[in-house]
$ cat work-v6.txt   # compact mmCIF, N, CA and C atoms
# COMPACT_ATOMS: atom_id res chain seq x y z
N MET J 181 -17.31 -0.73 12.67
CA MET J 181 -18.54 -1.23 12.09
C MET J 181 -19.23 -0.15 11.25
N LEU J 182 -18.62 1.01 11.13
CA LEU J 182 -19.21 2.08 10.34
C LEU J 182 -19.43 1.69 8.88
N THR J 183 -18.66 0.74 8.38
CA THR J 183 -18.75 0.36 6.97
C THR J 183 -19.56 -0.91 6.75
N GLY J 184 -20.09 -1.50 7.80
CA GLY J 184 -20.84 -2.73 7.67
C GLY J 184 -19.98 -3.97 7.70
N ILE J 185 -18.71 -3.82 7.97
CA ILE J 185 -17.79 -4.96 8.07
C ILE J 185 -17.41 -5.12 9.54
N ASP J 186 -17.74 -6.26 10.10
CA ASP J 186 -17.47 -6.52 11.52
C ASP J 186 -16.27 -7.47 11.61
N LEU J 187 -15.24 -7.05 12.31
CA LEU J 187 -14.03 -7.86 12.46
C LEU J 187 -13.87 -8.32 13.90
N PRO J 188 -13.41 -9.55 14.10
CA PRO J 188 -13.20 -10.04 15.46
C PRO J 188 -12.02 -9.35 16.14
N ASP J 189 -12.05 -9.31 17.45
CA ASP J 189 -10.95 -8.78 18.25
C ASP J 189 -10.17 -9.97 18.79
N TYR J 190 -9.05 -10.28 18.19
CA TYR J 190 -8.28 -11.46 18.56
C TYR J 190 -7.44 -11.21 19.81
N VAL J 191 -7.38 -12.20 20.67
CA VAL J 191 -6.51 -12.15 21.84
C VAL J 191 -5.08 -12.31 21.35
N ARG J 192 -4.20 -11.47 21.83
CA ARG J 192 -2.80 -11.52 21.41
C ARG J 192 -1.92 -10.99 22.53
N GLN J 193 -0.69 -11.44 22.54
CA GLN J 193 0.28 -10.96 23.51
C GLN J 193 1.07 -9.81 22.91
N ASP J 194 1.60 -8.94 23.77
CA ASP J 194 2.48 -7.89 23.29
C ASP J 194 3.68 -8.51 22.61
N ASP J 195 4.22 -7.82 21.66
CA ASP J 195 5.42 -8.25 20.93
C ASP J 195 5.24 -9.60 20.25
N TRP J 196 4.04 -9.92 19.80
CA TRP J 196 3.78 -11.20 19.14
C TRP J 196 4.69 -11.41 17.94
N TRP J 197 5.08 -10.32 17.28
CA TRP J 197 5.94 -10.42 16.09
C TRP J 197 7.35 -10.87 16.43
N HIS J 198 7.76 -10.71 17.70
CA HIS J 198 9.08 -11.18 18.14
C HIS J 198 9.02 -12.63 18.64
N ASN J 199 7.82 -13.17 18.72
CA ASN J 199 7.63 -14.53 19.24
C ASN J 199 7.20 -15.52 18.16
N GLY J 200 7.58 -15.24 16.93
CA GLY J 200 7.31 -16.18 15.84
C GLY J 200 5.91 -16.12 15.26
N GLN J 201 5.10 -15.16 15.67
CA GLN J 201 3.76 -15.05 15.13
C GLN J 201 3.73 -14.00 14.01
N ASN J 202 2.80 -14.17 13.10
CA ASN J 202 2.62 -13.22 12.01
C ASN J 202 1.12 -12.98 11.86
N LEU J 203 0.55 -12.30 12.86
CA LEU J 203 -0.90 -12.19 12.98
C LEU J 203 -1.57 -11.52 11.79
N TYR J 204 -1.00 -10.45 11.28
CA TYR J 204 -1.64 -9.77 10.15
C TYR J 204 -1.71 -10.68 8.93
N LEU J 205 -0.60 -11.28 8.57
CA LEU J 205 -0.58 -12.11 7.36
C LEU J 205 -1.37 -13.40 7.55
N ASP J 206 -1.46 -13.90 8.78
CA ASP J 206 -2.26 -15.10 9.04
C ASP J 206 -3.76 -14.80 9.06
N LEU J 207 -4.14 -13.64 9.60
CA LEU J 207 -5.56 -13.37 9.85
C LEU J 207 -6.27 -12.54 8.79
N LEU J 208 -5.56 -11.70 8.08
CA LEU J 208 -6.25 -10.89 7.07
C LEU J 208 -6.95 -11.74 6.01
N PRO J 209 -6.28 -12.72 5.40
CA PRO J 209 -7.00 -13.54 4.41
C PRO J 209 -8.18 -14.31 5.02
N LYS J 210 -8.07 -14.73 6.27
CA LYS J 210 -9.16 -15.46 6.93
C LYS J 210 -10.37 -14.56 7.18
N ASN J 211 -10.15 -13.24 7.13
CA ASN J 211 -11.22 -12.27 7.36
C ASN J 211 -11.58 -11.52 6.08
N ASP J 212 -11.40 -12.19 4.95
CA ASP J 212 -11.82 -11.70 3.63
C ASP J 212 -11.07 -10.47 3.12
N PHE J 213 -9.81 -10.33 3.51
CA PHE J 213 -8.96 -9.30 2.93
C PHE J 213 -8.08 -9.93 1.87
N GLU J 214 -7.80 -9.17 0.83
CA GLU J 214 -6.88 -9.64 -0.19
C GLU J 214 -5.83 -8.56 -0.45
N GLN J 215 -4.63 -9.01 -0.77
CA GLN J 215 -3.54 -8.08 -1.02
C GLN J 215 -3.76 -7.43 -2.39
N VAL J 216 -3.50 -6.12 -2.46
CA VAL J 216 -3.67 -5.36 -3.71
C VAL J 216 -2.40 -4.58 -3.99
N ARG J 217 -2.26 -4.16 -5.23
CA ARG J 217 -1.08 -3.36 -5.62
C ARG J 217 -1.40 -1.88 -5.69
N ASP J 218 -2.62 -1.55 -6.09
CA ASP J 218 -3.03 -0.15 -6.13
C ASP J 218 -3.54 0.23 -4.75
N ILE J 219 -3.66 1.51 -4.48
CA ILE J 219 -4.14 1.95 -3.17
C ILE J 219 -5.35 2.85 -3.37
N GLN J 220 -6.35 2.64 -2.53
CA GLN J 220 -7.53 3.51 -2.55
C GLN J 220 -8.00 3.73 -1.12
N GLU J 221 -8.85 4.72 -0.95
CA GLU J 221 -9.36 5.05 0.38
C GLU J 221 -9.97 3.82 1.04
N GLY J 222 -9.62 3.63 2.31
CA GLY J 222 -10.14 2.50 3.08
C GLY J 222 -9.23 1.29 3.11
N ASP J 223 -8.18 1.29 2.31
CA ASP J 223 -7.25 0.16 2.31
C ASP J 223 -6.43 0.12 3.59
N VAL J 224 -6.03 -1.08 3.98
CA VAL J 224 -5.19 -1.29 5.15
C VAL J 224 -3.74 -1.39 4.67
N ILE J 225 -2.89 -0.58 5.26
CA ILE J 225 -1.46 -0.59 4.94
C ILE J 225 -0.74 -1.26 6.10
N LEU J 226 -0.02 -2.34 5.81
CA LEU J 226 0.78 -3.01 6.83
C LEU J 226 2.20 -2.45 6.80
N VAL J 227 2.73 -2.20 8.00
CA VAL J 227 4.05 -1.57 8.14
C VAL J 227 4.91 -2.43 9.06
N CYS J 228 6.19 -2.50 8.75
CA CYS J 228 7.16 -3.20 9.60
C CYS J 228 7.92 -2.16 10.42
N LEU J 229 7.70 -2.15 11.73
CA LEU J 229 8.39 -1.22 12.62
C LEU J 229 9.35 -2.01 13.50
N GLY J 230 10.64 -1.87 13.25
CA GLY J 230 11.65 -2.55 14.05
C GLY J 230 11.60 -4.06 13.91
N SER J 231 11.08 -4.55 12.81
CA SER J 231 10.91 -5.98 12.60
C SER J 231 10.76 -6.24 11.11
N THR J 232 11.05 -7.45 10.68
CA THR J 232 10.78 -7.82 9.29
C THR J 232 9.35 -8.34 9.15
N THR J 233 8.67 -8.53 10.27
CA THR J 233 7.28 -8.97 10.30
C THR J 233 6.37 -7.74 10.38
N PRO J 234 5.34 -7.66 9.54
CA PRO J 234 4.43 -6.51 9.64
C PRO J 234 3.75 -6.52 11.01
N ASN J 235 3.89 -5.39 11.73
CA ASN J 235 3.38 -5.32 13.10
C ASN J 235 2.62 -4.03 13.40
N HIS J 236 2.30 -3.29 12.37
CA HIS J 236 1.57 -2.03 12.54
C HIS J 236 0.66 -1.87 11.32
N ALA J 237 -0.51 -1.32 11.54
CA ALA J 237 -1.45 -1.12 10.43
C ALA J 237 -1.96 0.32 10.43
N ALA J 238 -2.23 0.80 9.25
CA ALA J 238 -2.81 2.14 9.06
C ALA J 238 -3.90 2.02 8.02
N ILE J 239 -4.82 2.96 8.04
CA ILE J 239 -5.89 3.03 7.05
C ILE J 239 -5.57 4.19 6.12
N TYR J 240 -5.61 3.94 4.83
CA TYR J 240 -5.39 5.02 3.87
C TYR J 240 -6.67 5.83 3.76
N ILE J 241 -6.59 7.15 4.05
CA ILE J 241 -7.79 7.98 4.05
C ILE J 241 -7.82 8.96 2.87
N GLY J 242 -6.89 8.78 1.94
CA GLY J 242 -6.90 9.60 0.73
C GLY J 242 -5.98 10.80 0.81
N ASN J 243 -5.72 11.40 -0.34
CA ASN J 243 -4.87 12.60 -0.45
C ASN J 243 -3.52 12.41 0.23
N GLN J 244 -2.96 11.20 0.11
CA GLN J 244 -1.65 10.85 0.67
C GLN J 244 -1.61 10.86 2.20
N PHE J 245 -2.78 10.65 2.86
CA PHE J 245 -2.82 10.60 4.32
C PHE J 245 -3.27 9.23 4.81
N ILE J 246 -2.74 8.86 5.99
CA ILE J 246 -3.13 7.64 6.68
C ILE J 246 -3.65 8.00 8.06
N LEU J 247 -4.42 7.08 8.62
CA LEU J 247 -4.89 7.18 10.00
C LEU J 247 -4.35 5.95 10.71
N HIS J 248 -3.68 6.15 11.85
CA HIS J 248 -3.12 5.01 12.58
C HIS J 248 -3.01 5.34 14.06
N HIS J 249 -2.69 4.33 14.84
CA HIS J 249 -2.59 4.48 16.29
C HIS J 249 -1.35 3.75 16.79
N CYS J 250 -0.46 4.48 17.41
CA CYS J 250 0.72 3.88 18.05
C CYS J 250 0.43 3.72 19.54
N PRO J 251 0.96 2.68 20.17
CA PRO J 251 0.72 2.48 21.61
C PRO J 251 1.12 3.70 22.43
N LYS J 252 0.33 3.97 23.45
CA LYS J 252 0.56 5.07 24.40
C LYS J 252 0.54 6.45 23.73
N ARG J 253 -0.12 6.55 22.59
CA ARG J 253 -0.29 7.82 21.88
C ARG J 253 -1.72 7.91 21.38
N LEU J 254 -2.13 9.12 21.05
CA LEU J 254 -3.44 9.30 20.44
C LEU J 254 -3.39 8.86 18.98
N SER J 255 -4.52 8.40 18.46
CA SER J 255 -4.59 8.11 17.03
C SER J 255 -4.35 9.41 16.28
N LYS J 256 -3.74 9.29 15.09
CA LYS J 256 -3.45 10.52 14.35
C LYS J 256 -3.40 10.28 12.86
N ARG J 257 -3.47 11.36 12.14
CA ARG J 257 -3.28 11.34 10.69
C ARG J 257 -1.82 11.65 10.43
N ASP J 258 -1.27 10.97 9.45
CA ASP J 258 0.11 11.22 9.03
C ASP J 258 0.15 11.24 7.51
N PHE J 259 1.12 11.96 6.99
CA PHE J 259 1.34 11.99 5.56
C PHE J 259 1.95 10.67 5.13
N TYR J 260 1.39 10.03 4.13
CA TYR J 260 1.88 8.73 3.67
C TYR J 260 2.98 8.93 2.64
N SER J 261 4.17 9.12 3.16
CA SER J 261 5.37 9.25 2.32
C SER J 261 6.55 8.93 3.21
N GLY J 262 7.74 9.08 2.68
CA GLY J 262 8.95 8.91 3.47
C GLY J 262 8.93 7.68 4.35
N PHE J 263 8.98 7.90 5.67
CA PHE J 263 9.07 6.82 6.64
C PHE J 263 7.99 5.75 6.42
N TRP J 264 6.73 6.17 6.40
CA TRP J 264 5.63 5.20 6.32
C TRP J 264 5.66 4.42 5.01
N ARG J 265 5.94 5.11 3.92
CA ARG J 265 6.00 4.43 2.62
C ARG J 265 7.22 3.50 2.55
N ASN J 266 8.35 3.94 3.11
CA ASN J 266 9.57 3.13 3.07
C ASN J 266 9.44 1.83 3.86
N TYR J 267 8.65 1.84 4.92
CA TYR J 267 8.49 0.64 5.76
C TYR J 267 7.19 -0.11 5.50
N THR J 268 6.49 0.26 4.42
CA THR J 268 5.27 -0.46 4.05
C THR J 268 5.61 -1.88 3.61
N HIS J 269 4.91 -2.83 4.17
CA HIS J 269 5.06 -4.23 3.79
C HIS J 269 4.10 -4.58 2.64
N SER J 270 2.82 -4.23 2.81
CA SER J 270 1.82 -4.59 1.81
C SER J 270 0.55 -3.78 2.05
N ILE J 271 -0.34 -3.84 1.06
CA ILE J 271 -1.61 -3.12 1.10
C ILE J 271 -2.73 -4.15 0.92
N TRP J 272 -3.79 -4.03 1.73
CA TRP J 272 -4.87 -5.01 1.75
C TRP J 272 -6.22 -4.32 1.63
N ARG J 273 -7.16 -5.01 1.01
CA ARG J 273 -8.53 -4.48 0.85
C ARG J 273 -9.52 -5.60 1.16
N HIS J 274 -10.57 -5.25 1.87
CA HIS J 274 -11.62 -6.22 2.18
C HIS J 274 -12.40 -6.51 0.90
N LYS J 275 -12.75 -7.79 0.70
CA LYS J 275 -13.44 -8.21 -0.52
C LYS J 275 -14.80 -7.54 -0.69
N LYS J 276 -15.44 -7.16 0.42
CA LYS J 276 -16.76 -6.52 0.35
C LYS J 276 -16.68 -5.00 0.44
N TRP J 277 -15.47 -4.45 0.39
CA TRP J 277 -15.30 -3.01 0.54
C TRP J 277 -15.98 -2.26 -0.59
N GLN J 278 -16.74 -1.26 -0.23
CA GLN J 278 -17.36 -0.35 -1.19
C GLN J 278 -16.87 1.05 -0.88
N SER J 279 -16.33 1.73 -1.85
CA SER J 279 -15.72 3.04 -1.59
C SER J 279 -16.72 4.04 -1.00
N PHE J 280 -18.02 3.91 -1.34
CA PHE J 280 -19.00 4.84 -0.78
C PHE J 280 -19.13 4.68 0.73
N ALA J 281 -18.75 3.51 1.28
CA ALA J 281 -18.82 3.28 2.72
C ALA J 281 -17.83 4.16 3.46
N PHE J 282 -16.83 4.63 2.75
CA PHE J 282 -15.82 5.47 3.38
C PHE J 282 -16.40 6.82 3.80
N THR J 283 -17.47 7.24 3.19
CA THR J 283 -18.13 8.49 3.56
C THR J 283 -18.52 8.47 5.04
N ALA J 284 -19.00 7.34 5.53
CA ALA J 284 -19.39 7.23 6.94
C ALA J 284 -18.18 7.45 7.84
N ILE J 285 -17.05 6.89 7.48
CA ILE J 285 -15.83 7.06 8.28
C ILE J 285 -15.40 8.52 8.28
N LEU J 286 -15.35 9.14 7.12
CA LEU J 286 -14.93 10.54 7.04
C LEU J 286 -15.88 11.45 7.80
N ASN J 287 -17.19 11.19 7.70
CA ASN J 287 -18.15 11.99 8.45
C ASN J 287 -17.95 11.83 9.95
N ASN J 288 -17.71 10.59 10.39
CA ASN J 288 -17.48 10.33 11.81
C ASN J 288 -16.21 11.04 12.29
N MET J 289 -15.15 11.02 11.48
CA MET J 289 -13.92 11.71 11.85
C MET J 289 -14.12 13.21 11.94
N ALA J 290 -14.89 13.76 11.03
CA ALA J 290 -15.16 15.21 11.02
C ALA J 290 -15.92 15.60 12.28
N ILE J 291 -16.93 14.83 12.64
CA ILE J 291 -17.73 15.14 13.84
C ILE J 291 -16.87 15.00 15.10
N SER J 292 -16.05 13.97 15.15
CA SER J 292 -15.21 13.72 16.33
C SER J 292 -14.14 14.77 16.52
N SER J 293 -13.76 15.47 15.46
CA SER J 293 -12.67 16.45 15.60
C SER J 293 -13.20 17.85 15.94
N LEU J 294 -14.52 18.00 16.07
CA LEU J 294 -15.07 19.32 16.42
C LEU J 294 -14.87 19.65 17.88
$ encode --input "work-v6.txt" --output "structure tokens"
Amino acid sequence: MLTGIDLPDYVRQDDWWHNGQNLYLDLLPKNDFEQVRDIQEGDVILVCLGSTTPNHAAIYIGNQFILHHCPKRLSKRDFYSGFWRNYTHSIWRHKKWQSFAFTAILNNMAISSL
């Protein structure tokens, strides 16, 4: 909610992508996201991990870095190249996204890492 965009927390089962569901592609447009070709800070990157269905998401934080969270691990920053770029399915941006809102996220990350 740091950016003023409130998203619902949908109930889902583990491995939903193996059970015929496509939650990201079904729900992103319903929540005012649109697919884009260019990438900018704050965009959502969908990734296919062990599946042809996008089942992982990362936030592009600029300078070729992403922020993401894998199960049973801490959230982390990763370089957006190689593996992550090769398995990228698509890039999405919220229709109300304002790039200046990203300042709040970066400030929060800076404070949290002290």
$ select_by_dssp --input "work-v6.txt" --residues "chain J" --states "helix (DSSP H, G or I)" --output "ChimeraX atom specification"
/J:196-198,203-207,209-211,262-266,279-292
$ residues_around --input "work-v6.txt" --residues "segment 247-260 of chain J" --least-positions-apart "6" --cutoff "7 Å" --atoms "only N, CA and C atoms" --output "tab-separated table (two decimals) with N, CA and C atoms, in the coordinates of the input"
chain	number	residue	atom	x	y	z
J	237	ALA	N	-0.51	-1.32	11.54
J	237	ALA	CA	-1.45	-1.12	10.43
J	237	ALA	C	-1.96	0.32	10.43
J	238	ALA	N	-2.23	0.80	9.25
J	238	ALA	CA	-2.81	2.14	9.06
J	238	ALA	C	-3.90	2.02	8.02
J	239	ILE	N	-4.82	2.96	8.04
J	239	ILE	CA	-5.89	3.03	7.05
J	239	ILE	C	-5.57	4.19	6.12
J	240	TYR	N	-5.61	3.94	4.83
J	240	TYR	CA	-5.39	5.02	3.87
J	240	TYR	C	-6.67	5.83	3.76
J	241	ILE	N	-6.59	7.15	4.05
J	241	ILE	CA	-7.79	7.98	4.05
J	241	ILE	C	-7.82	8.96	2.87
$ select_by_dssp --input "work-v6.txt" --residues "chain J" --states "strand (DSSP E)" --output "ChimeraX atom specification"
/J:213-216,224-227,236-242,245-248,256-259,268-274
$ residues_around --input "work-v6.txt" --residues "segment 228-234 of chain J" --least-positions-apart "3" --cutoff "6.5 Å" --atoms "all atoms listed in the file" --output "PyMOL selection string"
chain J and resi 197+204+267-269
$ residues_around --input "work-v6.txt" --residues "Lys275 of chain J" --least-positions-apart "4" --cutoff "6.5 Å" --atoms "only N, CA and C atoms" --output "JSON, numbers by chain"
{"J": [212, 213, 214]}
$ axis_aligned_box --input "work-v6.txt" --around "segment 225-237 of chain J" --padding-each-side "5 Å" --output "lines of an AutoDock Vina configuration file"
center_x = 4.4
center_y = -4.3
center_z = 9.5
size_x = 24.5
size_y = 19.3
size_z = 19.1
$ atom_distance --input "work-v6.txt" --atom1 "atom C of Asp223 of chain J" --atom2 "atom CA of Ile271 of chain J"
6.3 Å
$ closest_residue --input "work-v6.txt" --among "J:Gln244, J:Gly262, J:Gln201, J:Asn211" --to "Pro188 of chain J" --atoms "all atoms listed in the file"
J:Asn211
$ atom_distance --input "work-v6.txt" --atom1 "atom N of Ser261 of chain J" --atom2 "atom N of Ile246 of chain J"
7.5 Å
$ closest_residue --input "work-v6.txt" --among "J:Leu207, J:Ile219, J:Ile185, J:Val191" --to "Asn243 of chain J" --atoms "only C-alpha atoms"
J:Ile219
$ atom_distance --input "work-v6.txt" --atom1 "atom CA of Asp218 of chain J" --atom2 "atom CA of Asp186 of chain J"
23.7 Å
$ residues_around --input "work-v6.txt" --residues "Arg217 of chain J" --least-positions-apart "4" --cutoff "8 Å" --atoms "all atoms listed in the file" --output "MDAnalysis selection string"
chainID J and resid 270:273
$ decode --input "work-v6.txt" --residues "segment 235-255 of chain J" --atoms "N, CA, C and O atoms" --output "JSON list (two decimals), in the first residue's frame"
[["chain", "number", "residue", "atom", "x", "y", "z"],
["J", 235, "ASN", "N", 4.19, -18.38, -12.86],
["J", 235, "ASN", "CA", 3.88, -18.76, -11.48],
["J", 235, "ASN", "C", 4.77, -18.05, -10.45],
["J", 235, "ASN", "O", 4.81, -18.44, -9.29],
["J", 236, "HIS", "N", 5.48, -17.03, -10.89],
["J", 236, "HIS", "CA", 6.36, -16.28, -9.99],
["J", 236, "HIS", "C", 6.35, -14.83, -10.46],
["J", 236, "HIS", "O", 6.27, -14.58, -11.66],
["J", 237, "ALA", "N", 6.41, -13.91, -9.53],
["J", 237, "ALA", "CA", 6.41, -12.49, -9.88],
["J", 237, "ALA", "C", 7.56, -11.78, -9.18],
["J", 237, "ALA", "O", 7.96, -12.15, -8.08],
["J", 238, "ALA", "N", 8.07, -10.78, -9.85],
["J", 238, "ALA", "CA", 9.13, -9.92, -9.29],
["J", 238, "ALA", "C", 8.77, -8.48, -9.62],
["J", 238, "ALA", "O", 8.02, -8.21, -10.55],
["J", 239, "ILE", "N", 9.31, -7.57, -8.85],
["J", 239, "ILE", "CA", 9.13, -6.14, -9.09],
["J", 239, "ILE", "C", 10.44, -5.60, -9.63],
["J", 239, "ILE", "O", 11.51, -5.84, -9.05],
["J", 240, "TYR", "N", 10.37, -4.88, -10.73],
["J", 240, "TYR", "CA", 11.58, -4.27, -11.28],
["J", 240, "TYR", "C", 11.89, -3.02, -10.47],
["J", 240, "TYR", "O", 11.05, -2.12, -10.35],
["J", 241, "ILE", "N", 13.10, -2.96, -9.87],
["J", 241, "ILE", "CA", 13.44, -1.84, -9.01],
["J", 241, "ILE", "C", 14.49, -0.92, -9.64],
["J", 241, "ILE", "O", 15.00, -0.02, -8.98],
["J", 242, "GLY", "N", 14.79, -1.16, -10.91],
["J", 242, "GLY", "CA", 15.71, -0.27, -11.62],
["J", 242, "GLY", "C", 17.13, -0.78, -11.64],
["J", 242, "GLY", "O", 17.50, -1.70, -10.91],
["J", 243, "ASN", "N", 17.94, -0.19, -12.51],
["J", 243, "ASN", "CA", 19.36, -0.54, -12.65],
["J", 243, "ASN", "C", 19.58, -2.04, -12.85],
["J", 243, "ASN", "O", 20.52, -2.60, -12.30],
["J", 244, "GLN", "N", 18.67, -2.67, -13.60],
["J", 244, "GLN", "CA", 18.74, -4.10, -13.91],
["J", 244, "GLN", "C", 18.55, -5.01, -12.70],
["J", 244, "GLN", "O", 19.01, -6.15, -12.70],
["J", 245, "PHE", "N", 17.85, -4.52, -11.65],
["J", 245, "PHE", "CA", 17.59, -5.33, -10.47],
["J", 245, "PHE", "C", 16.10, -5.57, -10.27],
["J", 245, "PHE", "O", 15.28, -4.72, -10.60],
["J", 246, "ILE", "N", 15.79, -6.74, -9.70],
["J", 246, "ILE", "CA", 14.42, -7.10, -9.33],
["J", 246, "ILE", "C", 14.38, -7.40, -7.85],
["J", 246, "ILE", "O", 15.41, -7.72, -7.24],
["J", 247, "LEU", "N", 13.18, -7.32, -7.30],
["J", 247, "LEU", "CA", 12.92, -7.72, -5.92],
["J", 247, "LEU", "C", 11.87, -8.82, -6.00],
["J", 247, "LEU", "O", 10.86, -8.67, -6.68],
["J", 248, "HIS", "N", 12.15, -9.97, -5.35],
["J", 248, "HIS", "CA", 11.19, -11.07, -5.40],
["J", 248, "HIS", "C", 11.33, -11.93, -4.16],
["J", 248, "HIS", "O", 12.25, -11.76, -3.36],
["J", 249, "HIS", "N", 10.40, -12.86, -4.00],
["J", 249, "HIS", "CA", 10.38, -13.74, -2.84],
["J", 249, "HIS", "C", 10.08, -15.16, -3.29],
["J", 249, "HIS", "O", 9.06, -15.42, -3.91],
["J", 250, "CYS", "N", 10.99, -16.07, -3.01],
["J", 250, "CYS", "CA", 10.76, -17.49, -3.27],
["J", 250, "CYS", "C", 10.31, -18.16, -1.97],
["J", 250, "CYS", "O", 10.75, -17.77, -0.88],
["J", 251, "PRO", "N", 9.45, -19.17, -2.06],
["J", 251, "PRO", "CA", 8.98, -19.85, -0.84],
["J", 251, "PRO", "C", 10.14, -20.37, 0.01],
["J", 251, "PRO", "O", 11.15, -20.84, -0.52],
["J", 252, "LYS", "N", 9.97, -20.27, 1.31],
["J", 252, "LYS", "CA", 10.94, -20.76, 2.30],
["J", 252, "LYS", "C", 12.30, -20.06, 2.21],
["J", 252, "LYS", "O", 13.32, -20.60, 2.62],
["J", 253, "ARG", "N", 12.31, -18.86, 1.65],
["J", 253, "ARG", "CA", 13.52, -18.04, 1.56],
["J", 253, "ARG", "C", 13.17, -16.61, 1.90],
["J", 253, "ARG", "O", 12.01, -16.21, 1.86],
["J", 254, "LEU", "N", 14.19, -15.82, 2.22],
["J", 254, "LEU", "CA", 13.97, -14.40, 2.44],
["J", 254, "LEU", "C", 13.77, -13.70, 1.10],
["J", 254, "LEU", "O", 14.32, -14.15, 0.08],
["J", 255, "SER", "N", 13.02, -12.61, 1.10],
["J", 255, "SER", "CA", 12.92, -11.79, -0.10],
["J", 255, "SER", "C", 14.31, -11.27, -0.42],
["J", 255, "SER", "O", 15.12, -11.03, 0.48]]
